[in-house]
>>> print(open('input-v7.txt').read())   # compact mmCIF, C-alpha atoms
# COMPACT_ATOMS: atom_id res chain seq x y z
CA LYS A 1 -141.46 47.55 15.17
CA LYS A 2 -141.63 49.16 11.72
CA GLN A 3 -138.45 51.08 12.44
CA LEU A 4 -136.67 47.83 13.51
CA GLU A 5 -137.85 46.06 10.32
CA ALA A 6 -136.55 48.95 8.24
CA GLU A 7 -133.17 48.78 9.97
CA VAL A 8 -132.98 45.02 9.28
CA GLU A 9 -133.77 45.55 5.59
CA ASP A 10 -131.12 48.26 5.40
CA LEU A 11 -128.62 45.87 7.04
CA LYS A 12 -129.40 43.17 4.47
CA ARG A 13 -128.77 45.61 1.60
CA ARG A 14 -125.42 46.67 3.06
CA LEU A 15 -124.09 43.22 3.91
CA GLY A 16 -122.60 42.65 0.46
CA GLU A 17 -119.64 44.87 1.38
CA ALA A 18 -119.18 44.11 5.08
CA ARG A 19 -117.28 46.24 7.54
CA CYS A 20 -117.16 45.05 11.14
CA PRO A 21 -115.50 47.32 13.75
CA VAL A 22 -114.26 44.31 15.76
CA LEU A 23 -115.42 40.78 16.47
CA VAL A 24 -115.47 39.88 20.16
CA PHE A 25 -116.01 36.45 21.72
CA GLY A 26 -116.86 36.95 25.37
CA ASP A 27 -118.78 36.02 28.51
CA GLY A 28 -119.45 39.48 29.88
CA ARG A 29 -115.81 40.51 29.48
CA PRO A 30 -113.70 40.66 26.28
CA MET A 31 -112.16 37.25 25.65
CA LEU A 32 -110.87 37.30 22.07
CA ARG A 33 -110.94 40.54 20.08
CA THR A 34 -110.06 40.91 16.41
CA LEU A 35 -108.83 43.87 14.39
CA PRO A 36 -111.45 45.84 12.45
CA LEU A 37 -112.62 43.45 9.71
CA SER A 38 -113.77 43.93 6.13
CA GLY A 39 -114.89 41.61 3.36
CA GLN A 40 -118.04 39.96 2.00
CA ALA A 41 -121.15 38.83 3.86
CA SER A 42 -124.71 37.82 3.04
CA LEU A 43 -127.90 37.28 5.03
CA ALA A 44 -130.94 35.93 3.22
CA GLY A 45 -133.87 34.07 4.75
CA GLY A 46 -131.85 33.60 7.93
CA ALA A 47 -128.92 31.98 6.08
CA PHE A 48 -125.68 33.76 6.91
CA GLN A 49 -122.29 33.63 5.17
CA CYS A 50 -119.18 35.77 5.49
CA GLU A 51 -115.55 36.08 4.46
CA LEU A 52 -113.75 38.73 6.47
CA ARG A 53 -110.10 39.78 6.70
CA ALA A 54 -107.91 42.21 8.61
CA SER A 55 -104.21 42.99 8.58
CA ASP A 56 -101.97 45.32 10.55
CA ALA A 57 -98.44 43.86 10.52
CA PRO A 58 -97.48 41.63 12.21
CA VAL A 59 -101.12 40.76 13.00
CA SER A 60 -103.54 39.28 10.46
CA TRP A 61 -107.03 37.75 10.68
CA LYS A 62 -109.08 35.64 8.29
CA ILE A 63 -112.62 34.56 9.19
CA ALA A 64 -115.03 32.51 7.09
CA GLY A 65 -118.45 31.62 8.45
CA GLN A 66 -121.83 30.22 7.63
CA GLY A 67 -124.97 29.28 9.49
CA HIS A 68 -128.29 30.69 10.67
CA TRP A 69 -128.81 34.20 12.02
CA ALA A 70 -132.21 35.58 12.95
CA TRP A 71 -132.31 39.19 14.11
CA PRO A 72 -131.55 40.35 16.73
CA GLY A 73 -129.67 37.57 18.55
CA ASP A 74 -130.72 34.06 17.57
CA ALA A 75 -127.58 32.62 15.92
CA ALA A 76 -126.17 29.22 15.09
CA ILE A 77 -122.98 29.91 13.12
CA ARG A 78 -119.71 28.08 12.47
CA LEU A 79 -116.72 30.39 12.04
CA ASP A 80 -113.33 29.20 10.78
CA VAL A 81 -110.87 31.61 12.37
CA ASP A 82 -107.20 31.88 11.36
CA ALA A 83 -104.88 34.49 12.82
CA ALA A 84 -101.15 35.17 12.96
CA GLY A 85 -98.81 37.47 14.87
CA LEU A 86 -101.07 37.88 17.90
CA SER A 87 -99.65 39.07 21.20
CA LEU A 88 -100.15 36.48 23.93
CA THR A 89 -101.87 39.14 26.03
CA GLN A 90 -104.68 39.09 23.42
CA LEU A 91 -105.17 35.37 24.08
CA ARG A 92 -105.20 35.55 27.88
CA ALA A 93 -108.82 34.39 28.05
CA LEU A 94 -107.89 31.13 26.30
CA LEU A 95 -105.21 30.45 28.95
CA PRO A 96 -105.76 29.32 32.56
CA PHE A 97 -103.72 32.01 34.34
CA ALA A 98 -105.24 34.03 37.18
CA GLU A 99 -106.06 37.71 37.21
CA THR A 100 -106.27 39.90 40.30
CA PRO A 101 -108.79 42.76 40.80
CA ARG A 102 -106.10 45.26 41.86
CA THR A 103 -103.47 44.79 39.15
CA GLY A 104 -105.65 43.11 36.51
CA SER A 105 -103.03 40.40 36.07
CA ALA A 106 -101.17 38.03 38.36
CA VAL A 107 -99.19 36.67 35.42
CA ASP A 108 -97.29 38.64 32.75
CA LEU A 109 -97.27 37.20 29.23
CA GLU A 110 -94.96 37.89 26.30
CA GLY A 111 -94.62 36.31 22.88
CA ARG A 112 -96.42 36.02 19.55
CA ALA A 113 -98.90 33.34 18.52
CA GLY A 114 -100.95 32.10 15.62
CA LEU A 115 -104.19 30.16 15.84
CA SER A 116 -106.53 28.12 13.71
CA LEU A 117 -109.93 27.61 15.34
CA ALA A 118 -113.37 26.31 14.52
CA VAL A 119 -115.74 28.50 16.54
CA ASP A 120 -119.39 27.55 17.04
CA VAL A 121 -121.67 30.44 18.02
CA ALA A 122 -125.06 29.57 19.51
CA GLY A 123 -127.03 32.56 20.74
CA ASP A 124 -124.76 34.47 23.10
CA GLN A 125 -122.52 31.45 23.80
CA TRP A 126 -119.49 30.23 21.86
CA THR A 127 -117.11 27.27 21.92
CA ALA A 128 -113.88 26.71 20.02
CA SER A 129 -111.60 23.84 19.06
CA GLY A 130 -108.39 23.85 17.02
CA SER A 131 -104.75 24.75 17.62
CA MET A 132 -102.43 27.53 18.74
CA ALA A 133 -98.68 27.90 18.15
CA ALA A 134 -96.61 30.47 20.05
CA ARG A 135 -92.95 31.49 19.75
CA ASP A 136 -90.55 33.26 22.13
CA VAL A 137 -92.94 32.75 25.03
CA ALA A 138 -92.26 34.36 28.43
CA ILE A 139 -94.53 33.88 31.47
CA SER A 140 -93.61 35.72 34.69
CA TRP A 141 -95.16 35.61 38.16
CA GLN A 142 -94.09 36.47 41.73
CA GLY A 143 -90.40 36.79 40.81
CA ASP A 144 -90.29 33.51 38.84
CA SER A 145 -90.41 33.08 35.06
CA TRP A 146 -90.83 30.42 32.39
CA HIS A 147 -89.59 30.81 28.82
CA ALA A 148 -89.92 28.63 25.73
CA SER A 149 -88.79 28.98 22.15
CA ARG A 150 -92.04 27.33 20.97
CA VAL A 151 -95.31 26.16 22.53
CA ASP A 152 -98.02 24.22 20.66
CA ILE A 153 -101.51 23.84 22.13
CA ASP A 154 -104.35 21.71 20.74
CA LEU A 155 -107.76 22.80 22.02
CA ASP A 156 -110.40 20.13 22.45
CA LYS A 157 -113.22 22.43 23.54
CA VAL A 158 -113.01 25.82 25.25
CA GLY A 159 -115.42 28.71 25.49
CA THR A 160 -118.43 29.96 27.46
CA GLY A 161 -120.92 27.93 29.45
CA LEU A 162 -118.66 24.85 29.75
CA PRO A 163 -118.06 23.00 33.03
CA VAL A 164 -114.47 22.23 31.93
CA GLN A 165 -112.09 23.94 29.51
CA ALA A 166 -110.50 20.98 27.67
CA LEU A 167 -107.08 20.89 25.98
CA ARG A 168 -105.74 17.86 24.12
CA ARG A 169 -102.04 18.74 24.19
CA ILE A 170 -99.51 21.29 25.41
CA GLN A 171 -96.04 20.77 23.93
CA ALA A 172 -93.07 23.02 24.68
CA SER A 173 -89.52 22.97 23.35
CA GLY A 174 -86.41 24.90 24.40
CA TRP A 175 -87.93 25.92 27.74
CA GLN A 176 -86.36 27.36 30.90
CA TYR A 177 -87.75 27.86 34.40
CA GLN A 178 -85.93 30.55 36.40
CA GLY A 179 -86.69 30.84 40.12
CA ALA A 180 -85.61 33.19 42.86
CA LEU A 181 -82.58 32.06 44.88
CA GLN A 182 -83.45 32.05 48.58
CA SER A 183 -81.00 31.48 51.40
CA LEU A 184 -81.18 28.61 53.87
CA THR A 185 -82.12 30.02 57.27
CA PRO A 186 -80.41 28.89 60.51
CA ASP A 187 -83.76 27.70 61.90
CA ALA A 188 -85.72 25.13 59.90
CA ALA A 189 -88.99 26.28 61.47
CA ALA A 190 -88.35 29.83 60.22
CA ASP A 191 -88.06 28.88 56.56
CA ALA A 192 -90.46 30.97 54.51
CA GLY A 193 -92.16 29.63 51.47
CA GLY A 194 -90.90 31.21 48.28
CA ALA A 195 -92.75 31.94 45.10
CA ASP A 196 -94.86 29.11 43.80
CA MET A 197 -93.08 27.14 41.08
CA LEU A 198 -96.35 27.17 39.12
CA PRO A 199 -98.05 30.38 37.96
CA PRO A 200 -101.35 31.09 39.75
CA LEU A 201 -104.33 29.58 37.93
CA ARG A 202 -107.87 30.91 37.63
CA ALA A 203 -109.93 29.60 40.53
CA ASP A 204 -113.25 30.07 38.70
CA THR A 205 -112.38 27.79 35.78
CA ARG A 206 -111.76 24.04 35.66
CA TRP A 207 -109.26 22.74 33.09
CA ARG A 208 -108.52 19.33 31.63
CA ILE A 209 -105.26 18.59 29.80
CA ASP A 210 -104.90 15.20 28.11
CA THR A 211 -101.14 15.39 27.48
CA MET A 212 -98.35 17.78 28.44
CA ALA A 213 -94.88 17.19 26.95
CA TRP A 214 -91.93 19.56 27.44
CA GLN A 215 -88.55 18.87 25.82
CA GLY A 216 -85.08 20.38 26.06
CA GLY A 217 -85.59 22.27 29.31
CA THR A 218 -83.35 23.90 31.90
CA VAL A 219 -83.93 25.02 35.49
CA SER A 220 -81.96 27.88 37.05
CA PHE A 221 -82.12 29.86 40.28
CA GLY A 222 -81.02 33.44 40.81
CA ARG A 223 -79.62 34.00 37.31
CA ALA A 224 -80.52 32.55 33.93
CA ASP A 225 -77.02 31.07 33.57
CA ALA A 226 -76.98 29.55 37.11
CA ILE A 227 -78.13 26.16 35.82
CA TRP A 228 -79.28 23.50 38.29
CA GLY A 229 -80.71 21.08 35.71
CA SER A 230 -80.53 20.73 31.91
CA ASN A 231 -81.84 18.57 29.05
CA ILE A 232 -85.03 18.16 31.09
CA GLU A 233 -87.97 16.18 29.72
CA LEU A 234 -91.39 16.44 31.38
CA GLN A 235 -94.43 14.25 30.69
CA LEU A 236 -97.83 14.79 32.34
CA SER A 237 -101.08 13.12 31.31
CA ASP A 238 -104.76 13.26 32.26
CA TRP A 239 -104.51 16.48 34.26
CA ALA A 240 -107.85 17.59 35.75
CA GLU A 241 -109.03 19.30 38.90
CA GLY A 242 -109.61 16.83 41.72
CA GLN A 243 -107.52 13.92 40.46
CA MET A 244 -103.88 12.83 40.45
CA ALA A 245 -102.12 12.93 37.06
CA PRO A 246 -99.16 10.64 36.18
CA LEU A 247 -95.88 12.57 36.00
CA GLY A 248 -92.43 11.76 34.61
CA LEU A 249 -89.41 14.05 34.83
CA SER A 250 -85.77 13.41 33.88
CA GLY A 251 -82.63 15.29 32.94
CA ASP A 252 -79.00 16.13 33.70
CA ILE A 253 -77.68 17.72 36.88
CA ASP A 254 -74.04 18.90 37.03
CA GLY A 255 -72.33 15.84 35.54
CA GLY A 256 -74.99 13.37 36.75
CA THR A 257 -78.59 12.50 35.96
CA PHE A 258 -81.91 12.67 37.79
CA ARG A 259 -85.26 10.96 37.37
CA VAL A 260 -88.59 11.65 39.10
CA SER A 261 -91.84 9.69 38.75
CA GLY A 262 -95.21 9.72 40.45
CA ALA A 263 -98.32 11.87 40.29
CA LEU A 264 -99.38 15.50 40.57
CA GLY A 265 -102.83 16.94 41.23
CA ARG A 266 -104.77 20.08 42.12
CA PHE A 267 -107.48 19.89 44.76
CA ASP A 268 -109.49 22.99 45.73
CA GLY A 269 -106.64 25.18 44.52
CA LEU A 270 -103.93 23.27 46.42
CA LEU A 271 -101.18 21.36 44.64
CA ARG A 272 -100.70 17.77 45.84
CA THR A 273 -97.79 15.48 44.92
CA ASP A 274 -96.82 11.84 45.35
CA LEU A 275 -93.27 11.47 44.02
CA LYS A 276 -90.14 9.38 44.16
CA GLY A 277 -86.82 10.08 42.50
CA GLU A 278 -83.11 9.55 42.29
CA VAL A 279 -79.94 11.46 41.48
CA THR A 280 -76.88 9.56 40.23
CA SER A 281 -73.24 10.66 40.52
CA ALA A 282 -73.66 14.43 40.30
CA ARG A 283 -71.21 17.19 41.20
CA PRO A 284 -72.40 19.65 43.88
CA PHE A 285 -70.85 22.83 42.50
CA PHE A 286 -74.16 24.23 41.21
CA LEU A 287 -75.14 24.65 44.90
CA ASN A 288 -72.21 26.92 45.79
CA GLU A 289 -73.92 30.26 45.19
CA TRP A 290 -76.86 29.13 47.32
CA LEU A 291 -74.51 27.89 50.07
CA GLN A 292 -72.60 31.15 50.00
CA ILE A 293 -75.65 33.42 50.43
CA SER A 294 -76.83 31.06 53.19
CA GLY A 295 -73.61 31.54 55.15
CA ALA A 296 -72.28 28.00 54.56
CA PRO A 297 -68.86 27.18 53.06
CA ARG A 298 -68.68 26.21 49.41
CA VAL A 299 -67.91 22.69 48.17
CA ILE A 300 -64.60 22.38 46.28
CA ARG A 301 -64.56 18.61 45.62
CA GLY A 302 -66.86 15.60 45.59
CA ARG A 303 -69.89 13.92 44.07
CA TRP A 304 -73.27 12.95 45.44
CA ALA A 305 -76.26 10.70 44.79
CA SER A 306 -79.67 10.32 46.40
CA HIS A 307 -82.98 8.48 46.57
CA PHE A 308 -86.01 10.37 47.85
CA THR A 309 -89.78 10.22 48.28
CA TRP A 310 -92.32 13.00 48.87
CA GLN A 311 -96.07 12.84 49.49
CA ASP A 312 -98.66 15.48 50.41
CA ASP A 313 -101.62 14.63 52.62
CA ASP A 314 -105.21 15.85 52.25
CA ASN A 315 -104.37 19.05 54.15
CA GLY A 316 -101.55 20.03 51.80
CA GLN A 317 -98.81 19.13 54.30
CA GLY A 318 -96.00 16.92 53.05
CA HIS A 319 -93.60 14.32 54.33
CA GLY A 320 -90.84 12.25 52.77
CA HIS A 321 -87.61 10.33 53.15
CA LEU A 322 -84.15 11.17 51.82
CA ARG A 323 -81.17 8.87 51.43
CA LEU A 324 -78.07 10.83 50.47
CA TRP A 325 -74.56 9.66 49.57
CA LEU A 326 -71.62 12.09 49.65
CA HIS A 327 -68.41 10.83 48.04
CA ARG A 328 -65.06 12.46 48.91
CA TRP A 329 -66.58 15.84 49.72
CA GLN A 330 -64.26 18.69 50.60
CA ILE A 331 -65.40 22.15 51.58
CA GLU A 332 -63.48 25.40 51.72
CA SER A 333 -61.80 26.36 54.99
CA GLY A 334 -63.10 29.01 57.31
CA VAL A 335 -65.91 29.32 59.85
CA SER A 336 -68.91 31.61 59.50
CA PRO A 337 -71.03 32.69 62.48
CA ASN A 338 -73.98 32.60 60.09
CA ASP A 339 -73.48 28.94 59.20
CA PRO A 340 -77.11 27.74 58.86
CA PHE A 341 -76.28 24.23 60.09
CA LEU A 342 -75.26 25.55 63.53
CA GLY A 343 -78.85 26.41 64.39
CA ARG A 344 -80.28 23.33 62.71
CA THR A 345 -77.93 20.66 64.09
CA GLY A 346 -75.71 22.30 66.72
CA PHE A 347 -72.65 21.71 64.51
CA GLY A 348 -71.00 23.87 61.87
CA THR A 349 -70.65 22.49 58.35
CA HIS A 350 -67.02 21.32 58.90
CA ASP A 351 -67.80 19.52 62.18
CA LEU A 352 -70.97 18.04 60.75
CA LEU A 353 -69.21 16.59 57.70
CA ARG A 354 -66.41 15.19 59.85
CA ARG A 355 -68.86 13.51 62.23
CA LEU A 356 -70.78 12.02 59.30
CA GLY A 357 -67.71 10.26 57.91
CA GLY A 358 -65.09 12.74 56.87
CA ASP A 359 -64.06 13.03 53.23
CA GLN A 360 -64.79 9.43 52.24
CA LEU A 361 -68.19 7.93 51.40
CA THR A 362 -70.91 9.28 53.68
CA ARG A 363 -74.49 8.00 53.75
CA ILE A 364 -77.28 10.05 55.34
CA ASP A 365 -80.84 8.82 55.95
CA ALA A 366 -83.43 11.40 56.98
CA ASP A 367 -87.18 11.79 57.27
CA TYR A 368 -88.51 15.27 56.69
CA VAL A 369 -91.86 16.95 57.24
CA GLN A 370 -93.43 20.12 55.90
CA ALA A 371 -95.08 21.33 59.10
CA SER A 372 -96.40 24.48 57.39
CA PRO A 373 -96.02 26.02 53.92
CA GLY A 374 -92.28 26.41 53.30
CA ALA A 375 -91.17 25.12 56.74
CA PHE A 376 -89.31 21.81 56.81
CA THR A 377 -87.99 19.74 59.72
>>> encode(input="input-v7.txt", output="C-alpha cells")
Amino acid sequence: KKQLEAEVEDLKRRLGEARCPVLVFGDGRPMLRTLPLSGQASLAGGAFQCELRASDAPVSWKIAGQGHWAWPGDAAIRLDVDAAGLSLTQLRALLPFAETPRTGSAVDLEGRAGLSLAVDVAGDQWTASGSMAARDVAISWQGDSWHASRVDIDLDKVGTGLPVQALRRIQASGWQYQGALQSLTPDAAADAGGADMLPPLRADTRWRIDTMAWQGGTVSFGRADAIWGSNIELQLSDWAEGQMAPLGLSGDIDGGTFRVSGALGRFDGLLRTDLKGEVTSARPFFLNEWLQISGAPRVIRGRWASHFTWQDDDNGQGHGHLRLWLHRWQIESGVSPNDPFLGRTGFGTHDLLRRLGGDQLTRIDADYVQASPGAFT
C-alpha cells in the first residue's frame, strides 16, 4: 500500500508536464487510438484537468478534459477531442461494418477524416457524441465498392455498454456504387446470388440512424464508366434493427428518369424491402454489355418504361409484379446458341420480341418470385 501511495504522489508531481504514450478508447479491443500525446495536466484532490496535443502530418490531435479521477480506475471525465487527417481504418470501431476472424476485415476502408467529439469517460466505459467529416471515401466488399467525395456523420451517442449505437445523420455527396456485372443464365432457377449491394454489418451491434441523405450519385456495373443510373438522390429515415424505414430514391437512367419509394429494414441480419417504382422513357443501351456477356443480342434502337413492385416476406423471400413497355425496339441480327431466353421461354430473343408485338409498342405484364437467394422465376 505504501509503495502504491508513493507512486501516486510521484504521478501527481509529474503531471504538470504530461506525456501520454497513446490514449485508447476500447471495450476489450482497441477502438480509437491516438498518437503519442504531450501537454499539460493536473490532478489535485481528485479533480483532473488536461490539455494534450499530438501531430504527425497529416494527422493531428487536440484533447482537453476535466472531471474527477480517483486512483486507480474510478473516473468521471469529459474529454473534448478534435482530430484531423485520420485514416478511416483508425475509425473502424465507430463504423458498423463487419469484421471476420480469418481476415480481420470483411470491408476495406480508404479515405481521410476529421472528428470533433465530446467523450464522457465513466470508470472503464466511454460514450461519445459529435461529428465526423471524411473525404475521398472508398468502401469495398465482396467485389463491390462505394465511393464518395465527402461524407458527414453526426453521432448522437456511440461507445461501450450501449444497447444501440445512435447516429443522427449520414450525408454523402458525389457518391458512386460500382457492382460486379453478372451474366443472365439460361435457366432462371440456376441464377446465383451476387455480392450483396450493402456491405456486411456487424451482427453484434445494433445501430440507429435518424436520417440518411445521399446526393449526386451514380450506379455502375462492371466498370466505373459503365453507368446505369446518374444524378441519384437517396433519402432514408428512422433506420433501426427490427423495423421498416421509409425510403426514397430517384435519378436519371439513360435519357429517362426513375423513382422508387417504400421501406427498407433489417431483421435478424436479413434485409427486407417493400418497394414500388417507375421508369419513364429511357433508352436501353446501358444494358448492352450485360446482354452481350449473357449471350443475348444487343439493342440498337428503342425506348422503354416500367412500373414495378417488390416485397419480401418474413422468411426473406420476395415477390413482385412488373409492367414493361418497349417502344420501337430493334435488336442486332444474328442467333446465339447461348441466348439465355431460349432456356427461360423456349424462344430466342428475336422470336420472343416478334411474338410480343414486333418493333412497335409492346406491353409485358409479369409476376416474379425469388424462390431462393438470387433465383428468380
>>> residues_near_point(input="input-v7.txt", point="(-64.6, 22.0, 51.8)", cutoff="10 Å", atoms="only C-alpha atoms", output="list in words")
Pro297, Arg298, Val299, Ile300, Arg301, Gly302, Arg328, Trp329, Gln330, Ile331, Glu332, Ser333, Gly334, Thr349, His350, Leu353 and Asp359 of chain A
>>> closest_residue(input="input-v7.txt", among="A:Ile293, A:Ala76, A:Leu167, A:Ile209", to="Pro340 in chain A", atoms="all atoms listed in the file")
A:Ile293
>>> residues_around(input="input-v7.txt", residues="Ser129 in chain A", least_positions_apart="5", cutoff="6 Å", atoms="all atoms listed in the file", output="PyMOL selection string")
chain A and resi 117-118+155-157
>>> residues_around(input="input-v7.txt", residues="Ser261 in chain A", least_positions_apart="4", cutoff="7 Å", atoms="all atoms listed in the file", output="number ranges by chain")
A: 247-249, 275-277
>>> axis_aligned_box(input="input-v7.txt", around="range 77-96 of chain A", padding_each_side="3 Å", output="lines of an AutoDock Vina configuration file")
center_x = -110.9
center_y = 33.6
center_z = 21.7
size_x = 30.2
size_y = 17.1
size_z = 27.8
>>> residues_around(input="input-v7.txt", residues="His321 in chain A", least_positions_apart="6", cutoff="6 Å", atoms="all atoms listed in the file", output="short mmCIF file (atom, residue, chain, number, x, y, z; two decimals) with C-alpha atoms, keeping the file's coordinate frame")
data_model
loop_
_atom_site.label_atom_id
_atom_site.label_comp_id
_atom_site.auth_asym_id
_atom_site.auth_seq_id
_atom_site.Cartn_x
_atom_site.Cartn_y
_atom_site.Cartn_z
CA PHE A 308 -86.01 10.37 47.85
CA THR A 309 -89.78 10.22 48.28
CA ALA A 366 -83.43 11.40 56.98
CA ASP A 367 -87.18 11.79 57.27
#
>>> atom_distance(input="input-v7.txt", atom1="CA of Val279 in chain A", atom2="CA of Leu361 in chain A")
15.8 Å
>>> residues_around(input="input-v7.txt", residues="Val119 in chain A", least_positions_apart="6", cutoff="7 Å", atoms="all atoms listed in the file", output="list in words")
Arg78, Leu79, Asp80, Trp126, Thr127, Ala128 and Ser129 of chain A
>>> closest_residue(input="input-v7.txt", among="A:Ser306, A:Gln49, A:Gln292, A:Thr89", to="Arg259 in chain A", atoms="all atoms listed in the file")
A:Ser306
